[in-house]
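In what follows, a single structure is set out as C-alpha coordinates and then discussed.
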Amino acid sequence: MASVLQSALSFPLVVFTLLLALVMLYWLLVALRLVSVELFEHDSLKGDHLASTLVALGFAGVPASFSLTVLLVLAGVITLAVELVVLRWLPLGLFRIPVGVAVLWVAFVLASPLAASLCHRLHRWFHRHSPRRCLLGETVVVSEDSGEDGCAMATLADDPECRVRLHGKAGAMPARGERRVLVKYLAGEGSYRSVLQRDYLEARIRLSRLRGRRRGGGTAASH
(Lines give C-alpha, C1' and ligand atoms only; values in the text may rest on other atoms or scores of the structure.)
Protein backbone atom coordinates (compact mmCIF):
# COMPACT_ATOMS: atom_id res chain seq x y z
CA MET A 1 0.00 0.00 0.00
CA ALA A 2 2.83 2.35 0.90
CA SER A 3 4.56 1.69 -2.44
CA VAL A 4 1.33 2.34 -4.34
CA LEU A 5 0.82 5.65 -2.52
CA GLN A 6 4.44 6.58 -3.13
CA SER A 7 4.07 5.90 -6.85
CA ALA A 8 0.80 7.86 -7.02
CA LEU A 9 2.47 10.88 -5.43
CA SER A 10 5.69 10.71 -7.45
CA PHE A 11 6.28 12.76 -10.57
CA PRO A 12 5.01 12.36 -13.28
CA LEU A 13 2.16 10.14 -12.02
CA VAL A 14 1.11 12.73 -9.43
CA VAL A 15 -0.13 14.90 -12.32
CA PHE A 16 -2.79 12.31 -13.16
CA THR A 17 -3.52 11.62 -9.49
CA LEU A 18 -4.57 15.26 -9.12
CA LEU A 19 -6.31 15.60 -12.49
CA LEU A 20 -8.32 12.39 -12.14
CA ALA A 21 -9.38 13.42 -8.65
CA LEU A 22 -10.78 16.61 -10.18
CA VAL A 23 -12.45 14.58 -12.95
CA MET A 24 -14.13 12.31 -10.39
CA LEU A 25 -15.36 15.37 -8.50
CA TYR A 26 -16.73 16.82 -11.73
CA TRP A 27 -18.68 13.68 -12.63
CA LEU A 28 -20.02 13.51 -9.06
CA LEU A 29 -21.35 17.04 -9.49
CA VAL A 30 -22.83 16.03 -12.86
CA ALA A 31 -24.56 13.05 -11.21
CA LEU A 32 -25.97 15.41 -8.57
CA ARG A 33 -27.12 17.76 -11.38
CA LEU A 34 -25.06 20.61 -9.94
CA VAL A 35 -22.90 20.90 -13.08
CA SER A 36 -23.85 20.47 -16.73
CA VAL A 37 -22.29 17.89 -19.02
CA GLU A 38 -21.96 20.80 -21.47
CA LEU A 39 -19.60 22.66 -19.13
CA PHE A 40 -16.86 22.89 -21.79
CA GLU A 41 -19.16 23.17 -24.80
CA HIS A 42 -19.74 26.39 -26.75
CA ASP A 43 -22.34 27.28 -29.37
CA SER A 44 -19.65 27.74 -32.02
CA LEU A 45 -16.36 26.13 -33.02
CA LYS A 46 -14.88 29.59 -33.54
CA GLY A 47 -12.18 30.23 -30.96
CA ASP A 48 -9.48 28.24 -29.22
CA HIS A 49 -11.58 26.88 -26.36
CA LEU A 50 -11.20 23.30 -25.16
CA ALA A 51 -14.09 21.85 -27.18
CA SER A 52 -12.66 23.23 -30.45
CA THR A 53 -9.25 21.76 -29.67
CA LEU A 54 -10.73 18.34 -28.97
CA VAL A 55 -12.75 18.47 -32.21
CA ALA A 56 -9.52 19.21 -34.10
CA LEU A 57 -7.96 16.13 -32.46
CA GLY A 58 -10.78 13.90 -33.71
CA PHE A 59 -13.13 13.93 -30.72
CA ALA A 60 -16.16 15.41 -32.50
CA GLY A 61 -19.53 13.91 -31.63
CA VAL A 62 -19.07 13.37 -27.89
CA PRO A 63 -19.09 15.90 -25.03
CA ALA A 64 -15.73 17.52 -24.38
CA SER A 65 -15.95 16.47 -20.73
CA PHE A 66 -16.23 12.79 -21.70
CA SER A 67 -13.46 13.04 -24.30
CA LEU A 68 -11.16 14.68 -21.78
CA THR A 69 -11.96 12.02 -19.17
CA VAL A 70 -11.12 9.16 -21.55
CA LEU A 71 -7.92 10.90 -22.66
CA LEU A 72 -6.75 11.47 -19.07
CA VAL A 73 -7.57 7.91 -18.00
CA LEU A 74 -5.67 6.33 -20.90
CA ALA A 75 -2.70 8.68 -20.54
CA GLY A 76 -2.71 7.99 -16.80
CA VAL A 77 -2.67 4.22 -17.38
CA ILE A 78 0.26 4.55 -19.79
CA THR A 79 2.17 6.73 -17.31
CA LEU A 80 1.42 4.27 -14.49
CA ALA A 81 2.79 1.40 -16.58
CA VAL A 82 5.99 3.34 -17.32
CA GLU A 83 6.34 4.24 -13.64
CA LEU A 84 5.94 0.65 -12.43
CA VAL A 85 8.01 -1.00 -15.14
CA VAL A 86 10.80 1.53 -15.62
CA LEU A 87 10.99 4.73 -13.59
CA ARG A 88 10.67 3.33 -10.09
CA TRP A 89 13.74 1.14 -10.64
CA LEU A 90 16.01 3.90 -11.94
CA PRO A 91 18.11 6.19 -9.70
CA LEU A 92 17.03 9.33 -11.60
CA GLY A 93 17.48 11.91 -8.87
CA LEU A 94 17.01 15.41 -10.31
CA PHE A 95 16.68 13.90 -13.79
CA ARG A 96 13.22 12.59 -12.81
CA ILE A 97 11.67 15.96 -13.70
CA PRO A 98 12.84 16.19 -17.35
CA VAL A 99 12.32 12.45 -17.81
CA GLY A 100 8.86 12.77 -16.27
CA VAL A 101 7.95 15.61 -18.63
CA ALA A 102 9.00 13.47 -21.58
CA VAL A 103 6.90 10.56 -20.24
CA LEU A 104 3.86 12.86 -19.93
CA TRP A 105 4.28 14.03 -23.52
CA VAL A 106 4.64 10.47 -24.86
CA ALA A 107 1.66 9.30 -22.76
CA PHE A 108 -0.63 11.94 -24.28
CA VAL A 109 0.68 11.30 -27.80
CA LEU A 110 -0.05 7.57 -27.45
CA ALA A 111 -3.36 8.05 -25.63
CA SER A 112 -4.85 10.63 -28.01
CA PRO A 113 -5.56 8.34 -31.02
CA LEU A 114 -6.69 5.53 -28.70
CA ALA A 115 -9.08 7.83 -26.87
CA ALA A 116 -10.39 9.30 -30.15
CA SER A 117 -11.02 5.78 -31.49
CA LEU A 118 -12.88 4.75 -28.34
CA CYS A 119 -14.99 7.90 -28.38
CA HIS A 120 -15.76 7.35 -32.06
CA ARG A 121 -17.19 3.92 -31.23
CA LEU A 122 -19.60 5.63 -28.83
CA HIS A 123 -20.72 8.28 -31.32
CA ARG A 124 -24.13 6.81 -32.02
CA TRP A 125 -25.04 6.51 -28.35
CA PHE A 126 -24.09 10.11 -27.71
CA HIS A 127 -25.91 11.27 -30.84
CA ARG A 128 -29.15 10.11 -29.24
CA HIS A 129 -28.54 10.83 -25.56
CA SER A 130 -26.16 13.78 -25.28
CA PRO A 131 -26.61 17.57 -25.61
CA ARG A 132 -26.78 18.81 -29.19
CA ARG A 133 -23.75 21.09 -28.90
CA CYS A 134 -21.43 18.07 -28.94
CA LEU A 135 -22.37 17.49 -32.59
CA LEU A 136 -20.31 20.50 -33.63
CA GLY A 137 -17.48 19.38 -35.89
CA GLU A 138 -19.48 16.41 -37.21
CA THR A 139 -19.86 15.88 -40.96
CA VAL A 140 -23.40 15.69 -42.33
CA VAL A 141 -24.92 14.89 -45.72
CA VAL A 142 -27.75 17.17 -46.85
CA SER A 143 -30.81 15.01 -47.50
CA GLU A 144 -33.35 17.73 -48.36
CA ASP A 145 -32.92 21.05 -50.16
CA SER A 146 -33.57 24.29 -48.32
CA GLY A 147 -37.22 25.26 -47.96
CA GLU A 148 -38.83 28.67 -47.87
CA ASP A 149 -37.68 29.14 -44.27
CA GLY A 150 -34.05 28.81 -45.37
CA CYS A 151 -33.60 25.51 -43.55
CA ALA A 152 -32.62 22.10 -44.87
CA MET A 153 -32.47 18.63 -43.34
CA ALA A 154 -29.32 16.53 -43.15
CA THR A 155 -28.14 13.24 -41.66
CA LEU A 156 -24.86 12.56 -39.90
CA ALA A 157 -22.37 10.96 -42.28
CA ASP A 158 -21.55 8.14 -39.84
CA ASP A 159 -25.06 7.80 -38.38
CA PRO A 160 -27.78 8.20 -41.04
CA GLU A 161 -30.53 7.67 -38.47
CA CYS A 162 -29.60 10.92 -36.72
CA ARG A 163 -31.14 13.92 -38.50
CA VAL A 164 -30.29 17.57 -37.94
CA ARG A 165 -31.73 20.86 -39.17
CA LEU A 166 -29.43 23.20 -41.07
CA HIS A 167 -29.98 26.94 -41.15
CA GLY A 168 -28.62 28.44 -44.37
CA LYS A 169 -27.46 31.91 -45.30
CA ALA A 170 -28.26 33.80 -48.49
CA GLY A 171 -25.79 32.73 -51.17
CA ALA A 172 -24.67 29.66 -49.23
CA MET A 173 -27.79 27.56 -48.87
CA PRO A 174 -27.31 23.81 -48.25
CA ALA A 175 -28.07 21.69 -51.32
CA ARG A 176 -29.03 18.03 -51.47
CA GLY A 177 -26.03 15.69 -51.52
CA GLU A 178 -23.53 18.18 -50.12
CA ARG A 179 -21.21 17.11 -47.32
CA ARG A 180 -21.07 19.85 -44.71
CA VAL A 181 -19.55 20.34 -41.26
CA LEU A 182 -21.59 21.66 -38.34
CA VAL A 183 -19.85 24.76 -36.97
CA LYS A 184 -22.47 26.61 -34.89
CA TYR A 185 -25.50 25.62 -32.84
CA LEU A 186 -28.50 27.94 -32.81
CA ALA A 187 -30.08 27.03 -29.48
CA GLY A 188 -33.19 29.14 -30.01
CA GLU A 189 -34.03 27.32 -33.25
CA GLY A 190 -32.55 23.89 -32.50
CA SER A 191 -30.67 24.10 -35.80
CA TYR A 192 -27.08 24.44 -36.99
CA ARG A 193 -24.96 26.64 -39.17
CA SER A 194 -22.71 24.63 -41.47
CA VAL A 195 -19.99 25.02 -44.08
CA LEU A 196 -18.93 22.83 -46.97
CA GLN A 197 -16.59 20.09 -45.82
CA ARG A 198 -13.84 21.07 -48.25
CA ASP A 199 -14.02 24.72 -47.11
CA TYR A 200 -13.80 23.62 -43.47
CA LEU A 201 -10.75 21.45 -44.12
CA GLU A 202 -9.03 24.15 -46.18
CA ALA A 203 -9.69 26.71 -43.42
CA ARG A 204 -8.13 24.42 -40.81
CA ILE A 205 -5.05 23.89 -42.99
CA ARG A 206 -4.64 27.64 -43.53
CA LEU A 207 -5.06 28.29 -39.81
CA SER A 208 -2.46 25.66 -38.92
CA ARG A 209 0.02 27.17 -41.37
CA LEU A 210 -0.66 30.68 -40.04
CA ARG A 211 -0.04 29.57 -36.47
CA GLY A 212 3.16 27.85 -37.55
CA ARG A 213 4.40 31.06 -39.20
CA ARG A 214 3.53 33.10 -36.11
CA ARG A 215 5.43 30.71 -33.87
CA GLY A 216 8.36 30.72 -36.24
CA GLY A 217 8.29 34.50 -36.43
CA GLY A 218 8.10 34.77 -32.66
CA THR A 219 11.06 32.45 -32.27
CA ALA A 220 13.09 34.37 -34.79
CA ALA A 221 12.21 37.66 -33.13
CA SER A 222 13.26 36.36 -29.72
CA HIS A 223 16.75 35.70 -31.05
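Letters A, B, ... mark the chains of the C-alpha coordinates in the order given; residue numbers begin at 1 per chain; ligand numbers begin at 1, in order shown.
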When you look at range 193-200 of chain A with a cut-off of 12 Å (counting only C-alpha atoms), what residues show up, excluding the ones that are within fewer than 6 positions of it in the same chain? I need them as a ChimeraX atom specification. /A:43-46,56,133,135-142,150-154,157,164-169,171-175,177-187,206-207
Taking the DSSP assignment computed from this structure's backbone, write out as a ChimeraX atom specification all residues of range 33-169 of chain A that belong to helix (DSSP H, G or I). /A:50-56,64-85,87-89,93-121,123-129,132-135
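In this model, the gap between CA of Phe11 in chain A and CA of Leu72 in chain A comes to 15.6 Å.
Nearest residue to Leu54 in chain A, choosing from A:Ala116, A:Val86, A:Val77, A:Val109 and counting only C-alpha atoms: A:Ala116.
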Using only C-alpha atoms, which of the listed residues (A:Gly147, A:Pro98, A:Gly61, A:Pro12) sits closest to Ala81 in chain A? A:Pro12
Secondary structure check, strand (DSSP E or B) residues of range 35-202 of chain A, as an NGL selection string: :A and (44 or 139-144 or 151-156 or 159-167 or 169 or 172 or 179-186 or 191-196)
Selection: 12 Å around Ser10 in chain A, only C-alpha atoms, excl. self and same-chain fewer than 2 positions, as a tab-separated table (two decimals) with N, CA and C atoms, in the first residue's frame:
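The resulting file, out-v6.tsv, is shown below:
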chain	number	residue	atom	x	y	z
A	3	SER	N	3.90	1.53	-1.14
A	3	SER	CA	4.56	1.69	-2.44
A	3	SER	C	3.61	2.25	-3.48
A	4	VAL	N	2.33	1.82	-3.41
A	4	VAL	CA	1.33	2.34	-4.34
A	4	VAL	C	1.12	3.83	-4.12
A	5	LEU	N	1.01	4.24	-2.85
A	5	LEU	CA	0.82	5.65	-2.52
A	5	LEU	C	2.04	6.46	-2.93
A	6	GLN	N	3.22	5.89	-2.74
A	6	GLN	CA	4.44	6.58	-3.13
A	6	GLN	C	4.50	6.80	-4.64
A	7	SER	N	4.09	5.77	-5.39
A	7	SER	CA	4.07	5.90	-6.85
A	7	SER	C	3.05	6.94	-7.30
A	8	ALA	N	1.87	6.93	-6.65
A	8	ALA	CA	0.80	7.86	-7.02
A	8	ALA	C	1.20	9.31	-6.77
A	12	PRO	N	6.10	11.55	-12.73
A	12	PRO	CA	5.01	12.36	-13.28
A	12	PRO	C	3.60	11.87	-12.93
A	13	LEU	N	3.48	10.72	-12.25
A	13	LEU	CA	2.16	10.14	-12.02
A	13	LEU	C	1.29	11.03	-11.15
A	14	VAL	N	1.89	11.85	-10.31
A	14	VAL	CA	1.11	12.73	-9.43
A	14	VAL	C	0.24	13.69	-10.24
A	15	VAL	N	0.66	14.02	-11.46
A	15	VAL	CA	-0.13	14.90	-12.32
A	15	VAL	C	-1.51	14.28	-12.58
A	16	PHE	N	-1.52	12.99	-12.89
A	16	PHE	CA	-2.79	12.31	-13.16
A	16	PHE	C	-3.56	12.02	-11.88
A	17	THR	N	-2.84	11.82	-10.78
A	17	THR	CA	-3.52	11.62	-9.49
A	17	THR	C	-4.39	12.84	-9.17
A	18	LEU	N	-3.84	14.03	-9.39
A	18	LEU	CA	-4.57	15.26	-9.12
A	18	LEU	C	-5.67	15.51	-10.15
A	79	THR	N	1.16	6.18	-18.22
A	79	THR	CA	2.17	6.73	-17.31
A	79	THR	C	2.39	5.80	-16.12
A	80	LEU	N	1.31	5.21	-15.60
A	80	LEU	CA	1.42	4.27	-14.49
A	80	LEU	C	2.26	3.06	-14.89
A	83	GLU	N	5.84	4.05	-15.00
A	83	GLU	CA	6.34	4.24	-13.64
A	83	GLU	C	6.66	2.89	-12.98
A	84	LEU	N	5.75	1.94	-13.09
A	84	LEU	CA	5.94	0.65	-12.43
A	84	LEU	C	7.01	-0.22	-13.09
A	87	LEU	N	10.50	3.60	-14.38
A	87	LEU	CA	10.99	4.73	-13.59
A	87	LEU	C	11.31	4.40	-12.15
A	88	ARG	N	10.47	3.58	-11.51
A	88	ARG	CA	10.67	3.33	-10.09
A	88	ARG	C	11.96	2.55	-9.80
A	93	GLY	N	17.14	10.69	-9.59
A	93	GLY	CA	17.48	11.91	-8.87
A	93	GLY	C	16.80	13.12	-9.47
A	96	ARG	N	14.60	13.08	-12.77
A	96	ARG	CA	13.22	12.59	-12.81
A	96	ARG	C	12.28	13.63	-13.41
A	97	ILE	N	12.56	14.91	-13.19
A	97	ILE	CA	11.67	15.96	-13.70
A	97	ILE	C	11.70	16.02	-15.23
A	100	GLY	N	10.29	12.82	-16.51
A	100	GLY	CA	8.86	12.77	-16.27
A	100	GLY	C	8.07	13.61	-17.26
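Between CA of Val73 in chain A and CA of His129 in chain A the separation is 22.5 Å.
Shell of Trp27 in chain A at 10 Å, with only C-alpha atoms counted and residues fewer than 4 places along the chain excluded, is Leu22, Val23, Ala31, Leu32, Arg33, Leu34, Val35, Ser36, Val37, Ser65, Phe66 and Thr69 of chain A.
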